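Undergrad: I have a structure here, written as structure tokens, and I will follow up with some questions on it.
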Amino acid sequence: MKLLVVATALGPLGSGRGGGVELTLAGLVAGLLQRGHRMTVLAAGGSQLPGDCAAAELWSCAGVPQPSVQHQGRKALITMPADALLARFWRRVLAEAPAAGFDAVLNLGYDWLPFWLTPTTALPLFHLVSMGSVNAAMDAVIAEVAAWDQRRLAFHTAAQAADFALPHPPLLVGNGFDLSAYQFKAEPEALLGWVGRVAPEKGLEDAAAAAARCGLPLAVWGLVEDEAYAAAVQASVPADTLQWRGFLPTAQLQAELGWCRALLNTPKWNEAYGNVVVEAMACGVPVLAYRRGGPAELVQPGVNGWLVEPDDVTALAEAVEQVERIDRSACRHWVERHASREVLAARIEAWLEQGLQP
Ligand code: UDP
């Protein structure tokens, strides 16, 4: 197939502003290239595709990034800045995609406009929905597409898809990672880890509190989206608890992450998937997570980590004591079986082929 993948309008690929979607896109494009498909990626100017996506054509657009829907509230109106990158993306898709002869256009952005366009255009638009429910207008437009032709929608996990009004059982594709990019580390140090955008929905404060109770340092990797929130978390625990490591490219992130005894994953929202959960496991790091959202479907208790009741910091700290019972190589094996790039690309291909049938 000849496929156009439309990236998030939150910022350039490689900046971290697009959260997990940036890595999802890289894995998906590289995996589909490997399967012989011809790939084009439309992304914000300044985007960088990893080396194994080099065979993909990159279309870029300048424009003002979209504000992230999840930080605007459930009742927020749909907004469009002047010179909006999102508007330019979709103007370009409508103008150029028909003549370019794409078999399908795959949108990875969680924005109202491309969903709304879907039933109105002859272009075959598909959407890999990247978040659960965060906004009423988004819920409505996703439900409209589902009612029109649900084959155009795929989700990462059942917990995520359950947020939406869908006439049929959801198509679940999980996610996929280039496992050669993650090195297995058998022997950890006395260190806990946390990875994610530093923003309230990610619940860093709970991981910090659990680490403080265990008397272990917590290394924090990720883009600080909310400085005031980061400062409040820092102030909530003894000064030597948190080690701020910044936002690192995958190669460096995995090299540091592998030293952790466990990853604490403590989202307060219905996390659609949780890339960082799988990335940690790929390095052999067991994951201690709340039984909520996507991570609750990824963590197999006793195999690749432990699940505790949501928001129970005491239980999280107790789970740290149980982490020695997890075999670190079993964490890596779970990812190899369930979340490789090859597995994702095959699922995406099957989804598109099925959705393109009359
Ligand atoms: N990430 C990264 N470097 C860092 C910290 C995080 O590249 O230092 C990436 C990580 O690889 C993951 C993404 O940030 O792909 C976070 O995705 P996740 O699905 O966990 O959450 P989201 O941000 O999409 O809500």
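Each chain of the structure tokens is named A, B, ... in the order shown, its residues numbered from 1; ligands are numbered from 1 in display order.
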Report as CSV: every residue of chain A with an atom at most 6 Å from ligand 1, its closest pair of atoms, and their distance in Å to one decimal, counting only C-alpha atoms and all ligand atoms, with rows sorted by chain and ascending residue number.

TA:
residue,atom,partner,partner_atom_place_in_ligand_line,distance
A:Gly19,CA,ligand 1,23 (O),3.3
A:Gly20,CA,ligand 1,17 (O),3.1
A:Val21,CA,ligand 1,24 (O),5.8
A:Leu23,CA,ligand 1,15 (O),4.8
A:Val195,CA,ligand 1,5 (C),5.3
A:Gly196,CA,ligand 1,6 (C),5.0
A:Arg197,CA,ligand 1,23 (O),5.3
A:Trp221,CA,ligand 1,8 (O),4.3
A:Gly222,CA,ligand 1,5 (C),3.6
A:Gly246,CA,ligand 1,8 (O),5.8
A:Phe247,CA,ligand 1,8 (O),3.3
A:Leu248,CA,ligand 1,8 (O),3.8
A:Pro249,CA,ligand 1,7 (O),5.0
A:Thr250,CA,ligand 1,7 (O),5.1
A:Leu253,CA,ligand 1,8 (O),5.6
A:Tyr273,CA,ligand 1,19 (O),5.9
A:Gly274,CA,ligand 1,19 (O),4.0
A:Asn275,CA,ligand 1,19 (O),3.9
A:Val276,CA,ligand 1,20 (O),4.3

Undergrad: Please produce a file of the residues just selected, as a CSV table (one decimal), in the first residue's frame, where the atoms kept are C-alpha atoms.

TA:
chain,number,residue,atom,x,y,z
A,19,GLY,CA,4.1,12.4,24.0
A,20,GLY,CA,3.9,8.7,23.2
A,21,VAL,CA,2.5,9.4,19.7
A,23,LEU,CA,7.4,6.9,19.3
A,195,VAL,CA,9.1,8.2,32.9
A,196,GLY,CA,6.6,10.5,31.4
A,197,ARG,CA,5.5,14.0,30.6
A,221,TRP,CA,12.9,11.2,32.8
A,222,GLY,CA,10.6,13.4,30.6
A,246,GLY,CA,15.4,15.6,31.6
A,247,PHE,CA,13.9,14.5,28.3
A,248,LEU,CA,16.3,12.1,26.5
A,249,PRO,CA,16.3,10.5,23.1
A,250,THR,CA,15.4,6.8,23.2
A,253,LEU,CA,16.8,7.0,27.9
A,273,TYR,CA,-1.5,2.5,26.6
A,274,GLY,CA,1.6,3.6,28.4
A,275,ASN,CA,4.6,3.4,26.1
A,276,VAL,CA,7.0,3.9,29.0

Undergrad: Give me, as a list in words, the residues of stretch 210-280 of chain A that a backbone DSSP run labels strand (DSSP E).

TA: Leu218, Ala219, Val220, Trp221, Leu242, Gln243, Trp244, Arg245, Gly246, Ala262, Leu263, Leu264 and Asn265 of chain A

Undergrad: Just N, CA and C atoms for this one: save the residues we selected as an mmCIF file, in the first residue's frame.

TA:
data_model
loop_
_atom_site.group_PDB
_atom_site.id
_atom_site.type_symbol
_atom_site.label_atom_id
_atom_site.label_comp_id
_atom_site.auth_asym_id
_atom_site.auth_seq_id
_atom_site.Cartn_x
_atom_site.Cartn_y
_atom_site.Cartn_z
ATOM 1 N N LEU A 218 14.382 8.339 43.211
ATOM 2 C CA LEU A 218 13.524 8.141 42.041
ATOM 3 C C LEU A 218 14.067 8.998 40.903
ATOM 4 N N ALA A 219 14.576 8.326 39.859
ATOM 5 C CA ALA A 219 15.030 9.059 38.665
ATOM 6 C C ALA A 219 13.809 9.381 37.814
ATOM 7 N N VAL A 220 13.731 10.626 37.358
ATOM 8 C CA VAL A 220 12.571 11.094 36.578
ATOM 9 C C VAL A 220 13.050 11.533 35.198
ATOM 10 N N TRP A 221 12.525 10.857 34.161
ATOM 11 C CA TRP A 221 12.851 11.233 32.781
ATOM 12 C C TRP A 221 11.594 11.759 32.116
ATOM 13 N N LEU A 242 14.194 12.950 44.490
ATOM 14 C CA LEU A 242 14.035 13.009 43.033
ATOM 15 C C LEU A 242 15.344 13.356 42.329
ATOM 16 N N GLN A 243 15.635 12.608 41.269
ATOM 17 C CA GLN A 243 16.765 12.936 40.383
ATOM 18 C C GLN A 243 16.178 13.315 39.035
ATOM 19 N N TRP A 244 16.217 14.597 38.697
ATOM 20 C CA TRP A 244 15.622 15.054 37.425
ATOM 21 C C TRP A 244 16.612 14.804 36.305
ATOM 22 N N ARG A 245 16.271 13.902 35.394
ATOM 23 C CA ARG A 245 17.220 13.532 34.323
ATOM 24 C C ARG A 245 16.892 14.190 32.980
ATOM 25 N N GLY A 246 15.745 14.899 32.869
ATOM 26 C CA GLY A 246 15.390 15.603 31.628
ATOM 27 C C GLY A 246 14.775 14.688 30.581
ATOM 28 N N ALA A 262 12.885 -0.905 39.551
ATOM 29 C CA ALA A 262 11.493 -0.968 39.078
ATOM 30 C C ALA A 262 11.118 0.380 38.493
ATOM 31 N N LEU A 263 10.130 0.348 37.586
ATOM 32 C CA LEU A 263 9.514 1.584 37.106
ATOM 33 C C LEU A 263 8.206 1.757 37.856
ATOM 34 N N LEU A 264 7.985 2.940 38.414
ATOM 35 C CA LEU A 264 6.687 3.235 39.026
ATOM 36 C C LEU A 264 5.840 3.975 37.993
ATOM 37 N N ASN A 265 4.634 3.477 37.752
ATOM 38 C CA ASN A 265 3.766 4.085 36.745
ATOM 39 C C ASN A 265 2.435 4.407 37.401
#

Undergrad: Enter the distance from atom CA of A:Lys268 to atom CA of A:Asp311, in Å, rounded to one decimal.

TA: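 Atom-to-atom, atom CA of A:Lys268 and atom CA of A:Asp311 are spaced 7.7 Å apart.
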
Undergrad: Based on the backbone DSSP call, show me all residues of stretch 156-355 of chain A assigned helix (DSSP H, G or I), as a ChimeraX atom specification.

TA: /A:158-161,179-181,200-202,204-214,227-235,250-257,275-282,295-298,313-321,323-325,328-338,341-355

Undergrad: Name the closest residue to A:Ala255 among the candidates A:Arg341, A:Arg213, A:Lys202, A:Lys185; distances are taken between atoms, counting only C-alpha atoms.

TA: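 The answer is A:Lys185, which sits nearest to A:Ala255.
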